[in-house]
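Asks: Once you've had a glance at the structure underneath, I'll fire off some questions.
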Amino acid sequence: MQDQIIIFDTTMRDGEQSPGAAMTRDDKVRIGKQLERLRVDVIEAGFAASSPGDFEAIRAVAAAVRDSTVCSLARANENDIRRAGEAIRGANSGRVHTFIATSPIHMKHKLRMEPDAVLEAAVRAVKLAREYTDDVEFSAEDAVRSDVDFLCRVFEAAIAAGARTINVPDTVGYSTPELWGELFRQLMGRIPNAGKAVWSTHCHNDLGMAVANSLAAVRAGARQVECTVNGLGERAGNASLEEVVMALRTRSDFFKLGTRIDTTQIVPASKLVSTITGYPVQPNKAVVGANAFAHESGIHQDGVLKHRETYEIMRAADVGWGANRLTLGKLSGRSAFKSRLQELGIVLESDEALNLAFARFKELADKKREIFDEDIQALMSDEAATPAKEHYALVSLTSHSETGQKPYSRVVITEEGRERRAEARGDGQVDATFQAIESLVQSGAELLLYSVNNITEGSDSQGEVTVRLSKNGRIVNGMGADTDIVVASAKAYINALNKLSARSRVNPQYGAEATVA
């Protein structure tokens with residue numbers, strides 16, 4: 001393992017802590033299967049003690065994924081660790097990841113514990129986790145602001161107690177590459193039993209250096225990198241999986257290290273996570289952005305046409321661009337559709353669910369000449385976002401816009417099965433539609449974000465709309481997809497309203513001190 005980096009993906013745990021990015025059990029299974037196709041080594045599927053829903057989601061991922069290790073986070077207390085251990089019990093390969101804060105500011109103000117008590121809690125947690133699995137990871141939350149001497153004491157004791165992986169987190173994104181690499185060299189050089197554990201780095205991107213810091217740790221001897229697809233994560237996000245992996249691959253001459261990642265699955269993973277969470281990928285995002293391999297400058301275009309490597313250090317096909325066309329259309333049968341769903345990691349629980357999905361696929365195929373994997377993923381995410389017993393549902397929508405006239409929209413929705421109608425004018429068709437819906441539901445929610453992205457190329461592409469609403473401190477994302485942007489917008493708004501009206505909390509981390517990033 002000295003020449004290979006372990007990729008630890010925490011999209012479904014740390015990434016899910018992004019405002020409004022909560023995932024259902026089925027969402028996590030779909031992402032888990034895609035991460036398995038990506039050949040991720042360790043999948044952190046959630047935080048089992050945070051909610052019954054997250055516990056069940058981790059269990060479902062553990063049952064569905066066979067080629068990757070499935071992990072649950074746990075604070076350094078008995079309840080958390082036992083819940084994590086039970087959640088991963090069905091995994092082919094399971095890990096418990098336990099943590100406790102070690103910085104003076106966290107110990108004093110959050111934990112209200114003395115350093116010796118923190119050390120004892122860490123040792124107890126590792127020993128208890130070992131009752132469920134030999135694969136135990138220990139993290140010192142806010143290691144970046146911790147005393148190095150104390151970190152050495154805690155990590156040495158954790159390794160002695162049986163931790164096989166030691167994670168050093170830059171929880172607040174405070175470090176720089178030089179300092180982060182030096183910290184790893186100090187820890188690994190000073191701790192007597194350091195060689196008995198794999199050393200891991202987990203960096204946040206508050207100063208835009210998460211990937212650079214992670215790679216500096218690798219140069220200093222770390223052999224596990226914790227990261228997320230698209231760099232998803234609370235605040236400014238986590239180290240980006242695709243950037244770390246492609247940096248190691250593209251500059252193998254410098255790092256002389258590899259991963260087991262199937263890089264052709266990077267773009268499909270990116271698009272799936274974006275679709276499920278409602279977090280679009282910026283066009284100029286490295287590796288997975290729409291412009292990552294686009295060339296506008298005439299000089300660049302000429303150079304690429306003559307010899308690709310003049311301006312491209314990676315091939316688009318190597319990360320999955322151009323390999324996502326679905327060769328199905330309106331004449332395709334149910335078996336071919338079902339087979340493609342399975343290839344995409346989408347498993348429907350009943351023939352009735354398959355029939356409904358196939359009917360929606362046929363409707364889409366009548367509107368579009370070509371169908372892509374992203375269309376199917378958006379279609380199924382839209383389906384998953386519309387539960388059978390939703391509080392609100394869109395029945396019909398009529399909108400009109402004319403030069404010199406104020407746009408208007410007429411909507412028909414159902415509220416707990418009862419049909420209601422409204423009409424409103426606004427600054428545009430979308431604004432009019434939202435006003436009409438609000439006149440009926442009177443949610444009082446604040447619109448924080450309205451985002452539109454085309455799912456594929458072409459004027460007949462589906463539009464994917466993300467709406468973020470806030471009410472009483474709770475933030476939710478709603479998503480809708482349709483070839484008509486106004487209809488997609490109405491779907492997204494209603495989807496967000498349904499999440500606000502749900503009695504159970506959407507984000508399993510809501511109200512829990514789960515941050516270890």
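Residue numbering restarts at 1 in every chain; chains get A, B, ... in the order shown in the structure tokens, and ligands count up from 1 in that same order.
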Please identify all polymer residues within 12 Å of Pro268 of chain A, counting only C-alpha atoms, omitting same-chain residues fewer than 4 positions from it, and present them as a VMD selection string.

Replies: chain A and resid 30 to 31 33 to 35 37 to 38 229 to 230 242 262 to 264 272 to 275 287 to 288 317 to 325 343 to 345 372 to 377

Asks: I need the residue nearest Val96 of chain A from this list: A:Val123, A:Arg164, A:Glu56, A:Val244. Use only C-alpha atoms for the distance.

Replies: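 Nearest candidate to Val96 of chain A out of A:Val123, A:Arg164, A:Glu56, A:Val244: A:Arg164.
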
Asks: Taking into account only C-alpha atoms, which residue in the set A:Ile105, A:Lys338, A:Gly480, A:Ala76 is nearest to Ala117 of chain A?

Replies: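 Of A:Ile105, A:Lys338, A:Gly480, A:Ala76, the one nearest Ala117 of chain A, counting only C-alpha atoms, is A:Ala76.
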
Asks: Where does DSSP see alpha helix (DSSP H) in segment 81-165 of chain A, if you list the residues as a VMD selection string?

Replies: chain A and resid 81 to 87 104 to 106 115 to 129 148 to 161

Asks: With only C-alpha atoms as the atoms that count, which of A:Phe47, A:Phe155, A:Phe184, A:Phe434 lies nearest to Met12 of chain A?

Replies: A:Phe47

Asks: From the options A:Arg421, A:Lys256, A:His204, A:Arg223, which residue's atoms come nearest to Ala239 of chain A, counting only C-alpha atoms?

Replies: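 So, comparing all the options, the nearest one is A:His204.
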
Asks: Give me the residues within 12 Å of His400 of chain A as number ranges by chain, counting only C-alpha atoms and dropping any in the same chain fewer than 5 places off.

Replies: A: 405-411, 423-433, 486

Asks: Please list as a PDB file with N, CA and C atoms, in the first residue's frame every residue within 12 Å of Gly417 of chain A, counting only C-alpha atoms and excluding residues in the same chain fewer than 2 positions away.

Replies:
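Saved to part-v7.pdb:
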ATOM      1  N   ALA A 388     -45.369   9.367  -3.074  1.00  0.00           N
ATOM      2  CA  ALA A 388     -46.759   9.024  -3.404  1.00  0.00           C
ATOM      3  C   ALA A 388     -47.745   9.854  -2.588  1.00  0.00           C
ATOM      4  N   LYS A 389     -47.431  10.150  -1.336  1.00  0.00           N
ATOM      5  CA  LYS A 389     -48.331  10.885  -0.461  1.00  0.00           C
ATOM      6  C   LYS A 389     -47.756  12.259  -0.149  1.00  0.00           C
ATOM      7  N   GLU A 390     -47.546  13.068  -1.195  1.00  0.00           N
ATOM      8  CA  GLU A 390     -46.996  14.396  -0.998  1.00  0.00           C
ATOM      9  C   GLU A 390     -48.082  15.357  -0.531  1.00  0.00           C
ATOM     10  N   HIS A 391     -47.660  16.383   0.214  1.00  0.00           N
ATOM     11  CA  HIS A 391     -48.607  17.362   0.734  1.00  0.00           C
ATOM     12  C   HIS A 391     -49.153  18.228  -0.391  1.00  0.00           C
ATOM     13  N   TYR A 392     -48.236  18.695  -1.252  1.00  0.00           N
ATOM     14  CA  TYR A 392     -48.627  19.501  -2.410  1.00  0.00           C
ATOM     15  C   TYR A 392     -48.223  18.769  -3.684  1.00  0.00           C
ATOM     16  N   ALA A 393     -49.004  18.942  -4.730  1.00  0.00           N
ATOM     17  CA  ALA A 393     -48.659  18.354  -6.025  1.00  0.00           C
ATOM     18  C   ALA A 393     -49.119  19.292  -7.135  1.00  0.00           C
ATOM     19  N   LEU A 394     -48.300  19.391  -8.177  1.00  0.00           N
ATOM     20  CA  LEU A 394     -48.644  20.206  -9.335  1.00  0.00           C
ATOM     21  C   LEU A 394     -49.569  19.411 -10.255  1.00  0.00           C
ATOM     22  N   VAL A 395     -50.721  19.998 -10.581  1.00  0.00           N
ATOM     23  CA  VAL A 395     -51.672  19.361 -11.494  1.00  0.00           C
ATOM     24  C   VAL A 395     -51.499  19.918 -12.898  1.00  0.00           C
ATOM     25  N   VAL A 412     -52.682  25.050 -11.032  1.00  0.00           N
ATOM     26  CA  VAL A 412     -53.609  24.175 -10.313  1.00  0.00           C
ATOM     27  C   VAL A 412     -52.756  23.192  -9.522  1.00  0.00           C
ATOM     28  N   ILE A 413     -52.924  23.183  -8.217  1.00  0.00           N
ATOM     29  CA  ILE A 413     -52.199  22.244  -7.365  1.00  0.00           C
ATOM     30  C   ILE A 413     -53.194  21.501  -6.496  1.00  0.00           C
ATOM     31  N   THR A 414     -52.728  20.408  -5.916  1.00  0.00           N
ATOM     32  CA  THR A 414     -53.527  19.738  -4.893  1.00  0.00           C
ATOM     33  C   THR A 414     -52.828  19.908  -3.550  1.00  0.00           C
ATOM     34  N   GLU A 415     -53.613  20.114  -2.509  1.00  0.00           N
ATOM     35  CA  GLU A 415     -53.106  20.181  -1.145  1.00  0.00           C
ATOM     36  C   GLU A 415     -53.812  19.093  -0.351  1.00  0.00           C
ATOM     37  N   GLU A 419     -58.034  19.960  -4.685  1.00  0.00           N
ATOM     38  CA  GLU A 419     -57.570  20.788  -5.781  1.00  0.00           C
ATOM     39  C   GLU A 419     -57.790  22.272  -5.497  1.00  0.00           C
ATOM     40  N   ARG A 420     -56.742  23.069  -5.797  1.00  0.00           N
ATOM     41  CA  ARG A 420     -56.818  24.521  -5.590  1.00  0.00           C
ATOM     42  C   ARG A 420     -56.216  25.225  -6.806  1.00  0.00           C
TER      43      ARG A 420
END

Asks: Could you list, as a PyMOL selection string, every residue within 12 Å of Met246 of chain A, counting only C-alpha atoms and ignoring same-chain residues fewer than 2 positions away?

Replies: chain A and resi 211+215+240-244+248-252+255+257-264+266+286-288+313-316+318-319

Asks: Can you tell me which residues surround Phe337 of chain A at a distance of at most 9 Å, considering only C-alpha atoms, apart from same-chain residues fewer than 3 positions away, and format the answer as JSON, numbers by chain?

Replies: {"A": [328, 332, 333, 334, 340, 341, 342, 358, 361]}

Asks: Taking N, CA and C atoms for each residue, export the selection above as a PDB file, in the first residue's frame.

Replies:
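selection_0.pdb, written as the output of this step:
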ATOM      1  N   LEU A 328     -31.125   4.646 -26.022  1.00  0.00           N
ATOM      2  CA  LEU A 328     -32.536   4.299 -25.944  1.00  0.00           C
ATOM      3  C   LEU A 328     -33.351   5.446 -26.521  1.00  0.00           C
ATOM      4  N   SER A 332     -37.712   2.078 -27.608  1.00  0.00           N
ATOM      5  CA  SER A 332     -37.036   1.129 -26.726  1.00  0.00           C
ATOM      6  C   SER A 332     -38.042   0.438 -25.812  1.00  0.00           C
ATOM      7  N   GLY A 333     -37.710  -0.796 -25.457  1.00  0.00           N
ATOM      8  CA  GLY A 333     -38.617  -1.582 -24.628  1.00  0.00           C
ATOM      9  C   GLY A 333     -38.325  -1.483 -23.146  1.00  0.00           C
ATOM     10  N   ARG A 334     -39.222  -2.070 -22.373  1.00  0.00           N
ATOM     11  CA  ARG A 334     -39.128  -2.033 -20.920  1.00  0.00           C
ATOM     12  C   ARG A 334     -37.878  -2.752 -20.414  1.00  0.00           C
ATOM     13  N   ARG A 340     -30.771  -0.574 -18.244  1.00  0.00           N
ATOM     14  CA  ARG A 340     -29.975   0.643 -18.132  1.00  0.00           C
ATOM     15  C   ARG A 340     -30.085   1.257 -16.741  1.00  0.00           C
ATOM     16  N   LEU A 341     -31.254   1.183 -16.133  1.00  0.00           N
ATOM     17  CA  LEU A 341     -31.420   1.661 -14.764  1.00  0.00           C
ATOM     18  C   LEU A 341     -30.473   0.924 -13.821  1.00  0.00           C
ATOM     19  N   GLN A 342     -30.384  -0.385 -14.001  1.00  0.00           N
ATOM     20  CA  GLN A 342     -29.512  -1.192 -13.142  1.00  0.00           C
ATOM     21  C   GLN A 342     -28.052  -0.799 -13.344  1.00  0.00           C
ATOM     22  N   PHE A 358     -41.113   3.866 -16.457  1.00  0.00           N
ATOM     23  CA  PHE A 358     -41.060   3.627 -17.898  1.00  0.00           C
ATOM     24  C   PHE A 358     -42.026   4.553 -18.635  1.00  0.00           C
ATOM     25  N   PHE A 361     -40.412   7.842 -18.831  1.00  0.00           N
ATOM     26  CA  PHE A 361     -39.350   7.772 -19.826  1.00  0.00           C
ATOM     27  C   PHE A 361     -39.927   7.931 -21.231  1.00  0.00           C
TER      28      PHE A 361
END

Asks: Write out as number ranges by chain which residues come within 6 Å of segment 78-84 of chain A when counting only C-alpha atoms, dropping same-chain ones fewer than 5 positions away.

Replies: A: 48-49, 72

Asks: So how many Å separate atom CA of Gly208 of chain A and atom CA of Ser270 of chain A, to one decimal?

Replies: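 We find that atom CA of Gly208 of chain A and atom CA of Ser270 of chain A lie 19.5 Å from each other.
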
Asks: With distances taken over only C-alpha atoms, which of A:Glu36, A:Asp27, A:Asp460, A:Glu402 is nearest to Asp482 of chain A?

Replies: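 Closest residue, counting only C-alpha atoms: A:Asp460.
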
Asks: Here is a test: counting only C-alpha atoms, which residue of A:Ala212, A:Ala247, A:Ala365, A:Ala87 is nearest to Trp180 of chain A?

Replies: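 Distance minimum relative to Trp180 of chain A lands on A:Ala212.
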